[in-house]
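Visitor: Contents of final-v8.pdb (PDB, C-alpha atoms) are given next:
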MODEL        1
ATOM      1  CA  MET A  13     116.389  15.586 -83.818
ATOM      2  CA  SER A  14     114.307  13.059 -81.916
ATOM      3  CA  ALA A  15     117.483  11.448 -80.564
ATOM      4  CA  PHE A  16     118.890  14.875 -79.637
ATOM      5  CA  VAL A  17     115.737  15.970 -77.778
ATOM      6  CA  LEU A  18     115.098  12.620 -76.095
ATOM      7  CA  SER A  19     118.690  12.395 -74.864
ATOM      8  CA  HIS A  20     118.206  15.684 -73.005
ATOM      9  CA  VAL A  21     114.742  14.879 -71.683
ATOM     10  CA  LEU A  22     115.587  11.360 -70.504
ATOM     11  CA  ILE A  23     118.740  12.512 -68.740
ATOM     12  CA  SER A  24     117.758  15.889 -67.264
ATOM     13  CA  ARG A  25     114.081  15.210 -66.470
ATOM     14  CA  THR A  26     114.428  11.776 -64.846
ATOM     15  CA  ALA A  27     116.295  10.153 -61.961
ATOM     16  CA  LEU A  28     119.097   9.286 -64.373
ATOM     17  CA  ARG A  29     120.814  12.671 -63.954
ATOM     18  CA  PRO A  30     121.318  12.546 -60.145
ATOM     19  CA  TRP A  31     122.287   8.877 -60.446
ATOM     20  CA  LEU A  32     124.983   9.705 -62.993
ATOM     21  CA  VAL A  33     126.225  12.746 -61.029
ATOM     22  CA  ALA A  34     126.492  10.667 -57.839
ATOM     23  CA  ARG A  35     128.553   7.960 -59.543
ATOM     24  CA  LEU A  36     130.640   9.965 -62.005
ATOM     25  CA  GLY A  37     130.980  13.315 -60.230
ATOM     26  CA  ARG A  38     129.657  16.600 -61.598
ATOM     27  CA  ARG A  39     132.680  17.392 -63.784
ATOM     28  CA  VAL A  40     132.833  13.990 -65.490
ATOM     29  CA  TYR A  41     129.054  13.950 -65.924
ATOM     30  CA  LEU A  42     129.034  17.426 -67.531
ATOM     31  CA  GLY A  43     131.912  16.482 -69.812
ATOM     32  CA  ALA A  44     130.177  13.291 -70.975
ATOM     33  CA  TYR A  45     126.818  15.058 -71.320
ATOM     34  CA  SER A  46     128.368  17.870 -73.347
ATOM     35  CA  LEU A  47     130.197  15.399 -75.599
ATOM     36  CA  LEU A  48     126.974  13.470 -76.212
ATOM     37  CA  SER A  49     125.147  16.718 -77.080
ATOM     38  CA  VAL A  50     127.882  17.806 -79.507
ATOM     39  CA  VAL A  51     127.962  14.392 -81.212
ATOM     40  CA  LEU A  52     124.176  14.275 -81.629
ATOM     41  CA  LEU A  53     124.002  17.876 -82.846
ATOM     42  CA  GLY A  54     126.809  17.152 -85.322
ATOM     43  CA  TRP A  55     124.836  14.146 -86.554
ATOM     44  CA  VAL A  56     121.771  16.339 -87.104
ATOM     45  CA  ILE A  57     123.807  18.979 -88.986
ATOM     46  CA  LEU A  58     125.449  16.360 -91.231
ATOM     47  CA  ALA A  59     122.033  14.869 -91.993
ATOM     48  CA  LEU A  60     120.711  18.345 -92.812
ATOM     49  CA  LEU A  61     123.592  19.103 -95.177
ATOM     50  CA  ALA A  62     122.935  15.853 -97.054
ATOM     51  CA  ALA A  63     119.131  16.156 -97.131
ATOM     52  CA  GLU A  64     117.009  17.325-100.036
ATOM     53  CA  ARG A  65     115.587  20.814 -99.507
ATOM     54  CA  THR A  66     112.038  22.077 -99.982
ATOM     55  CA  ALA A  67     111.717  25.875-100.154
ATOM     56  CA  LEU A  68     109.169  27.345 -97.727
ATOM     57  CA  TRP A  69     109.779  31.099 -98.209
ATOM     58  CA  ALA A  70     112.088  33.491-100.009
ATOM     59  CA  THR A  71     114.921  34.816 -97.844
ATOM     60  CA  PRO A  72     114.266  38.485 -96.917
ATOM     61  CA  VAL A  73     117.119  40.978 -97.310
ATOM     62  CA  TRP A  74     117.300  41.642 -93.571
ATOM     63  CA  ALA A  75     117.775  37.950 -92.737
ATOM     64  CA  TYR A  76     121.573  37.941 -93.059
ATOM     65  CA  PRO A  77     122.298  41.012 -90.870
ATOM     66  CA  PHE A  78     119.753  39.645 -88.374
ATOM     67  CA  ALA A  79     121.499  36.266 -88.338
ATOM     68  CA  ALA A  80     124.907  37.902 -87.842
ATOM     69  CA  ALA A  81     123.796  40.109 -84.925
ATOM     70  CA  CYS A  82     121.672  37.445 -83.252
ATOM     71  CA  SER A  83     124.322  34.732 -83.579
ATOM     72  CA  MET A  84     126.976  37.062 -82.116
ATOM     73  CA  LEU A  85     124.776  37.610 -79.047
ATOM     74  CA  ALA A  86     124.176  33.862 -78.875
ATOM     75  CA  VAL A  87     127.892  33.007 -78.929
ATOM     76  CA  VAL A  88     128.666  35.702 -76.333
ATOM     77  CA  LEU A  89     125.954  34.360 -74.001
ATOM     78  CA  ILE A  90     127.238  30.800 -74.384
ATOM     79  CA  THR A  91     130.832  31.865 -73.701
ATOM     80  CA  VAL A  92     129.902  33.976 -70.672
ATOM     81  CA  ALA A  93     127.789  31.099 -69.361
ATOM     82  CA  ALA A  94     130.717  28.705 -69.701
ATOM     83  CA  LEU A  95     132.840  30.958 -67.446
ATOM     84  CA  SER A  96     130.182  31.971 -64.885
ATOM     85  CA  PRO A  97     129.186  29.777 -61.920
ATOM     86  CA  ASN A  98     125.446  29.196 -61.984
ATOM     87  CA  PRO A  99     123.458  26.981 -59.581
ATOM     88  CA  TYR A 100     120.111  27.705 -61.259
ATOM     89  CA  SER A 101     120.529  26.395 -64.778
ATOM     90  CA  VAL A 102     122.540  24.306 -67.210
ATOM     91  CA  SER A 103     126.106  25.263 -66.352
ATOM     92  CA  PHE A 104     129.668  23.977 -66.325
ATOM     93  CA  ARG A 105     130.224  25.473 -62.852
ATOM     94  CA  SER A 106     128.099  25.777 -59.729
ATOM     95  CA  ASP A 107     130.798  26.338 -57.096
ATOM     96  CA  GLY A 108     131.959  29.848 -56.289
ATOM     97  CA  PHE A 109     128.614  31.522 -56.955
ATOM     98  CA  ASP A 110     127.918  34.628 -54.826
ATOM     99  CA  PRO A 111     124.209  35.632 -54.760
ATOM    100  CA  GLN A 112     125.245  39.150 -53.666
ATOM    101  CA  ARG A 113     127.415  39.537 -56.784
ATOM    102  CA  PRO A 114     125.709  37.312 -59.354
ATOM    103  CA  GLY A 115     127.274  38.776 -62.499
ATOM    104  CA  ILE A 116     125.247  38.045 -65.614
ATOM    105  CA  ILE A 117     123.081  35.584 -63.642
ATOM    106  CA  GLY A 118     121.389  38.597 -62.068
ATOM    107  CA  TRP A 119     120.074  39.535 -65.527
ATOM    108  CA  THR A 120     119.329  36.072 -66.870
ATOM    109  CA  ARG A 121     119.524  32.856 -64.907
ATOM    110  CA  HIS A 122     119.877  30.794 -68.087
ATOM    111  CA  PRO A 123     122.510  32.414 -70.345
ATOM    112  CA  LEU A 124     123.637  29.096 -71.855
ATOM    113  CA  VAL A 125     120.115  28.005 -72.783
ATOM    114  CA  TRP A 126     119.234  31.499 -74.043
ATOM    115  CA  GLY A 127     122.375  31.453 -76.183
ATOM    116  CA  LEU A 128     121.440  28.123 -77.757
ATOM    117  CA  THR A 129     117.869  29.351 -78.260
ATOM    118  CA  LEU A 130     119.077  32.531 -79.986
ATOM    119  CA  TRP A 131     121.358  30.432 -82.190
ATOM    120  CA  GLY A 132     118.260  28.696 -83.520
ATOM    121  CA  VAL A 133     116.302  31.954 -83.858
ATOM    122  CA  ALA A 134     119.197  33.612 -85.728
ATOM    123  CA  HIS A 135     119.109  31.028 -88.506
ATOM    124  CA  ILE A 136     115.350  30.734 -89.090
ATOM    125  CA  PRO A 137     114.705  33.733 -91.427
ATOM    126  CA  ALA A 138     117.733  32.989 -93.613
ATOM    127  CA  ASN A 139     116.937  29.269 -93.956
ATOM    128  CA  GLY A 140     113.413  29.117 -95.303
ATOM    129  CA  GLU A 141     113.728  25.465 -96.221
ATOM    130  CA  TRP A 142     112.615  22.121 -94.938
ATOM    131  CA  PRO A 143     114.261  20.367 -93.099
ATOM    132  CA  ALA A 144     116.410  23.353 -92.014
ATOM    133  CA  LEU A 145     113.363  24.671 -90.170
ATOM    134  CA  LEU A 146     113.235  21.434 -88.196
ATOM    135  CA  LEU A 147     116.747  22.026 -86.864
ATOM    136  CA  PHE A 148     116.669  25.758 -86.192
ATOM    137  CA  GLY A 149     113.002  26.130 -85.261
ATOM    138  CA  GLY A 150     113.130  22.953 -83.194
ATOM    139  CA  SER A 151     116.228  24.154 -81.344
ATOM    140  CA  ALA A 152     114.607  27.509 -80.538
ATOM    141  CA  LEU A 153     111.380  25.882 -79.348
ATOM    142  CA  PHE A 154     113.285  23.291 -77.304
ATOM    143  CA  GLY A 155     115.273  26.075 -75.613
ATOM    144  CA  ILE A 156     112.168  28.105 -74.718
ATOM    145  CA  VAL A 157     110.412  25.048 -73.265
ATOM    146  CA  GLY A 158     113.588  24.129 -71.377
ATOM    147  CA  ILE A 159     113.803  27.579 -69.799
ATOM    148  CA  GLY A 160     110.266  27.125 -68.480
ATOM    149  CA  PHE A 161     111.230  23.845 -66.809
ATOM    150  CA  LEU A 162     114.416  25.369 -65.378
ATOM    151  CA  GLU A 163     112.488  28.347 -63.971
ATOM    152  CA  ARG A 164     110.098  26.054 -62.132
ATOM    153  CA  ARG A 165     113.003  24.058 -60.712
ATOM    154  CA  ALA A 166     114.788  27.244 -59.586
ATOM    155  CA  ASN A 167     111.652  28.519 -57.838
ATOM    156  CA  ARG A 168     111.144  25.145 -56.165
ATOM    157  CA  ASP A 169     114.728  24.735 -54.930
ATOM    158  CA  ALA A 170     115.480  28.367 -53.987
ATOM    159  CA  THR A 171     117.208  28.979 -50.641
ATOM    160  CA  PRO A 172     116.664  32.186 -48.598
ATOM    161  CA  ALA A 173     120.096  33.479 -49.693
ATOM    162  CA  HIS A 174     119.066  33.147 -53.334
ATOM    163  CA  ALA A 175     115.488  34.376 -52.985
ATOM    164  CA  GLY A 176     116.214  37.774 -54.584
ATOM    165  CA  LEU A 177     117.671  36.198 -57.695
ATOM    166  CA  VAL A 178     114.829  33.735 -58.117
ATOM    167  CA  SER A 179     112.217  36.463 -57.692
ATOM    168  CA  GLY A 180     114.055  38.631 -60.223
ATOM    169  CA  LEU A 181     114.842  41.382 -57.692
ATOM    170  CA  ALA A 182     118.637  41.065 -57.723
ATOM    171  CA  ALA A 183     120.587  43.209 -60.167
ATOM    172  CA  GLY A 184     123.249  41.777 -62.423
ATOM    173  CA  HIS A 185     126.574  43.426 -63.171
ATOM    174  CA  LEU A 186     129.508  43.084 -65.544
ATOM    175  CA  ASP A 187     131.959  41.045 -63.527
ATOM    176  CA  ARG A 188     135.265  39.588 -64.725
ATOM    177  CA  ASN A 189     133.572  36.466 -66.113
ATOM    178  CA  ALA A 190     131.091  38.530 -68.129
ATOM    179  CA  LEU A 191     133.756  40.862 -69.543
ATOM    180  CA  LEU A 192     136.177  38.060 -70.421
ATOM    181  CA  GLY A 193     133.356  35.945 -71.835
ATOM    182  CA  THR A 194     132.181  38.839 -74.016
ATOM    183  CA  ILE A 195     135.670  39.336 -75.473
ATOM    184  CA  LEU A 196     136.227  35.619 -76.064
ATOM    185  CA  GLY A 197     132.699  35.238 -77.434
ATOM    186  CA  CYS A 198     133.268  37.970 -80.037
ATOM    187  CA  VAL A 199     136.556  36.347 -81.066
ATOM    188  CA  LEU A 200     134.891  32.916 -81.316
ATOM    189  CA  TRP A 201     132.034  34.430 -83.348
ATOM    190  CA  MET A 202     134.523  35.876 -85.845
ATOM    191  CA  VAL A 203     136.298  32.516 -86.102
ATOM    192  CA  LEU A 204     132.977  30.800 -86.790
ATOM    193  CA  LEU A 205     132.118  33.378 -89.479
ATOM    194  CA  PHE A 206     135.343  32.676 -91.369
ATOM    195  CA  ALA A 207     135.105  28.904 -90.829
ATOM    196  CA  HIS A 208     131.398  28.743 -91.733
ATOM    197  CA  PRO A 209     131.928  27.990 -95.474
ATOM    198  CA  SER A 210     134.227  25.046 -94.690
ATOM    199  CA  LEU A 211     132.044  23.690 -91.903
ATOM    200  CA  PHE A 212     128.536  24.271 -93.242
ATOM    201  CA  GLY A 213     128.816  25.330 -96.885
ATOM    202  CA  ALA A 214     127.205  28.778 -96.691
ATOM    203  CA  ASP A 215     129.445  31.879 -96.595
ATOM    204  CA  PRO A 216     127.820  34.434 -94.239
ATOM    205  CA  LEU A 217     130.441  37.117 -94.969
ATOM    206  CA  ALA A 218     129.738  36.951 -98.715
ATOM    207  CA  LEU A 219     125.995  37.019 -98.068
ATOM    208  CA  LEU A 220     126.354  40.049 -95.791
ATOM    209  CA  LYS A 221     128.489  41.812 -98.395
ATOM    210  CA  SER A 222     125.892  41.163-101.096
ATOM    211  CA  VAL A 223     123.210  42.795 -98.949
ATOM    212  CA  CYS A 224     125.203  45.696 -97.517
ATOM    213  CA  CYS A 225     127.221  46.702-100.604
TER     214      CYS A 225
ENDMDL
END
For the structure just supplied, provide its representation as structure tokens.

Guide:
Amino acid sequence: MSAFVLSHVLISRTALRPWLVARLGRRVYLGAYSLLSVVLLGWVILALLAAERTALWATPVWAYPFAAACSMLAVVLITVAALSPNPYSVSFRSDGFDPQRPGIIGWTRHPLVWGLTLWGVAHIPANGEWPALLLFGGSALFGIVGIGFLERRANRDATPAHAGLVSGLAAGHLDRNALLGTILGCVLWMVLLFAHPSLFGADPLALLKSVCC
């Protein structure tokens, strides 16, 4: 987790990020940065699966439906963010953004970070164990802190054309990216539900059935 957090802080909060973007180009930089994040997160998850567990609390009955609903919203936000141009936050695209028709960015400037934060929040009640809390609670806390930094940067770098969005006055709307991202996000969420036992051991569908039936 330290390696995961430090890799983001040292790259995004220092002069290393603009240096890398200038030499690699935005697309190559984002691809390499995303690959590094996935590799480090995979390392953390593998370490968690192999670690000894210490129970911290008993799982409440509402934890599994909460995890299902919250993780679905998280995956939808991440998918919509991947399709939507966004100059204010962590994004795969910044070109083509129209401040007069901001899409989901008019509702939240940081859909990708909010999605990752909600992913952590979704798993906390159902994983009352150490070190699972380190992964999921740490991810949620890291996302909330990151949003604060991104908000300050957006306010600092705002242009007159984007002033309404930064001040929160512009209204979002369901554009093509948001609608397509929502559909693809729901499909991806279902795929992850069925693949969850093979990837991570736990079977969320069986756990939901045990609670609901």

Visitor: Please determine, counting only C-alpha atoms, which residue among A:Leu219, A:Met13, A:Leu124, A:Leu205 has the shortest atom-to-atom distance to Leu89 of chain A.

Guide: A:Leu124

Visitor: Output, as AutoDock Vina command-line options, the centre and edge lengths in Å (one decimal) of the axis-aligned box that contains all listed atoms of segment 42-47 of chain A with 3 Å of margin on each side.

Guide:
--center_x 129.4 --center_y 15.6 --center_z -71.6 --size_x 11.1 --size_y 10.6 --size_z 14.1

Visitor: When you count all atoms listed in the file, which of these residues is closest to Ala62 of chain A: A:Ala134, A:Ala144, A:Met202, A:Leu220?

Guide: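 Looking only at the distances to Ala62 of chain A, the closest residue turns out to be A:Ala144.
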
Visitor: Counting all atoms listed in the file, what are the residues of segment 40-99 of chain A within 9 Å of segment 22-36 of chain A, and for each of them which pair of atoms is the nearest and at what distance in Å, to one decimal? Sort the table by chain and rising number, as JSON lines.

Guide:
{"residue": "A:Val40", "atom": "CA", "partner": "A:Leu36", "partner_atom": "CA", "distance": 5.8}
{"residue": "A:Tyr41", "atom": "CA", "partner": "A:Val33", "partner_atom": "CA", "distance": 5.8}
{"residue": "A:Leu42", "atom": "CA", "partner": "A:Val33", "partner_atom": "CA", "distance": 8.5}
{"residue": "A:Tyr45", "atom": "CA", "partner": "A:Ile23", "partner_atom": "CA", "distance": 8.9}

Visitor: Hey, can you spit out that residue selection with C-alpha atoms as a PDB file, in the coordinates of the input?

Guide:
ATOM      1  CA  VAL A  40     132.833  13.990 -65.490  1.00  0.00           C
ATOM      2  CA  TYR A  41     129.054  13.950 -65.924  1.00  0.00           C
ATOM      3  CA  LEU A  42     129.034  17.426 -67.531  1.00  0.00           C
ATOM      4  CA  TYR A  45     126.818  15.058 -71.320  1.00  0.00           C
TER       5      TYR A  45
END

Visitor: In Å to one decimal, how far is atom CA of Val56 of chain A from atom CA of Leu204 of chain A?

Guide: 18.3 Å

Visitor: For a cutoff of 12 Å around the file-coordinate point (130.4, 26.6, -69.8), which residues qualify once you count only C-alpha atoms? I'd like the result as JSON, numbers by chain.

Guide: {"A": [39, 42, 43, 46, 87, 88, 89, 90, 91, 92, 93, 94, 95, 96, 97, 98, 101, 102, 103, 104, 105, 106, 122, 123, 124, 125, 127, 189, 193, 197]}

Visitor: Pick the closest to Arg121 of chain A from A:Ala80, A:Leu145, A:Leu68, A:Ala183: which is it, counting all atoms listed in the file?

Guide: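 Under the stated criterion, the closest residue is A:Ala183.
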
Visitor: Would you please work out which residue, of A:Leu52, A:Ala75, A:Leu146, A:Leu58, is nearest to Val223 of chain A when using only C-alpha atoms?

Guide: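 When distances to Val223 of chain A are compared using only C-alpha atoms, the smallest one comes from A:Ala75.
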
Visitor: Name all residues at most 12 Å from Phe161 of chain A (count only C-alpha atoms; drop same-chain ones fewer than 2 positions away) and give them as a PDB file with C-alpha atoms, in the frame of the given file.

Guide:
ATOM      1  CA  VAL A  21     114.742  14.879 -71.683  1.00  0.00           C
ATOM      2  CA  SER A  24     117.758  15.889 -67.264  1.00  0.00           C
ATOM      3  CA  ARG A  25     114.081  15.210 -66.470  1.00  0.00           C
ATOM      4  CA  TYR A 100     120.111  27.705 -61.259  1.00  0.00           C
ATOM      5  CA  SER A 101     120.529  26.395 -64.778  1.00  0.00           C
ATOM      6  CA  VAL A 102     122.540  24.306 -67.210  1.00  0.00           C
ATOM      7  CA  HIS A 122     119.877  30.794 -68.087  1.00  0.00           C
ATOM      8  CA  VAL A 125     120.115  28.005 -72.783  1.00  0.00           C
ATOM      9  CA  PHE A 154     113.285  23.291 -77.304  1.00  0.00           C
ATOM     10  CA  GLY A 155     115.273  26.075 -75.613  1.00  0.00           C
ATOM     11  CA  ILE A 156     112.168  28.105 -74.718  1.00  0.00           C
ATOM     12  CA  VAL A 157     110.412  25.048 -73.265  1.00  0.00           C
ATOM     13  CA  GLY A 158     113.588  24.129 -71.377  1.00  0.00           C
ATOM     14  CA  ILE A 159     113.803  27.579 -69.799  1.00  0.00           C
ATOM     15  CA  GLU A 163     112.488  28.347 -63.971  1.00  0.00           C
ATOM     16  CA  ARG A 164     110.098  26.054 -62.132  1.00  0.00           C
ATOM     17  CA  ARG A 165     113.003  24.058 -60.712  1.00  0.00           C
ATOM     18  CA  ALA A 166     114.788  27.244 -59.586  1.00  0.00           C
ATOM     19  CA  ASN A 167     111.652  28.519 -57.838  1.00  0.00           C
ATOM     20  CA  ARG A 168     111.144  25.145 -56.165  1.00  0.00           C
TER      21      ARG A 168
END

Visitor: Between atom CA of Ala207 of chain A and atom CA of Ile116 of chain A, measure the distance and give it in Å to one decimal.

Guide: 28.6 Å
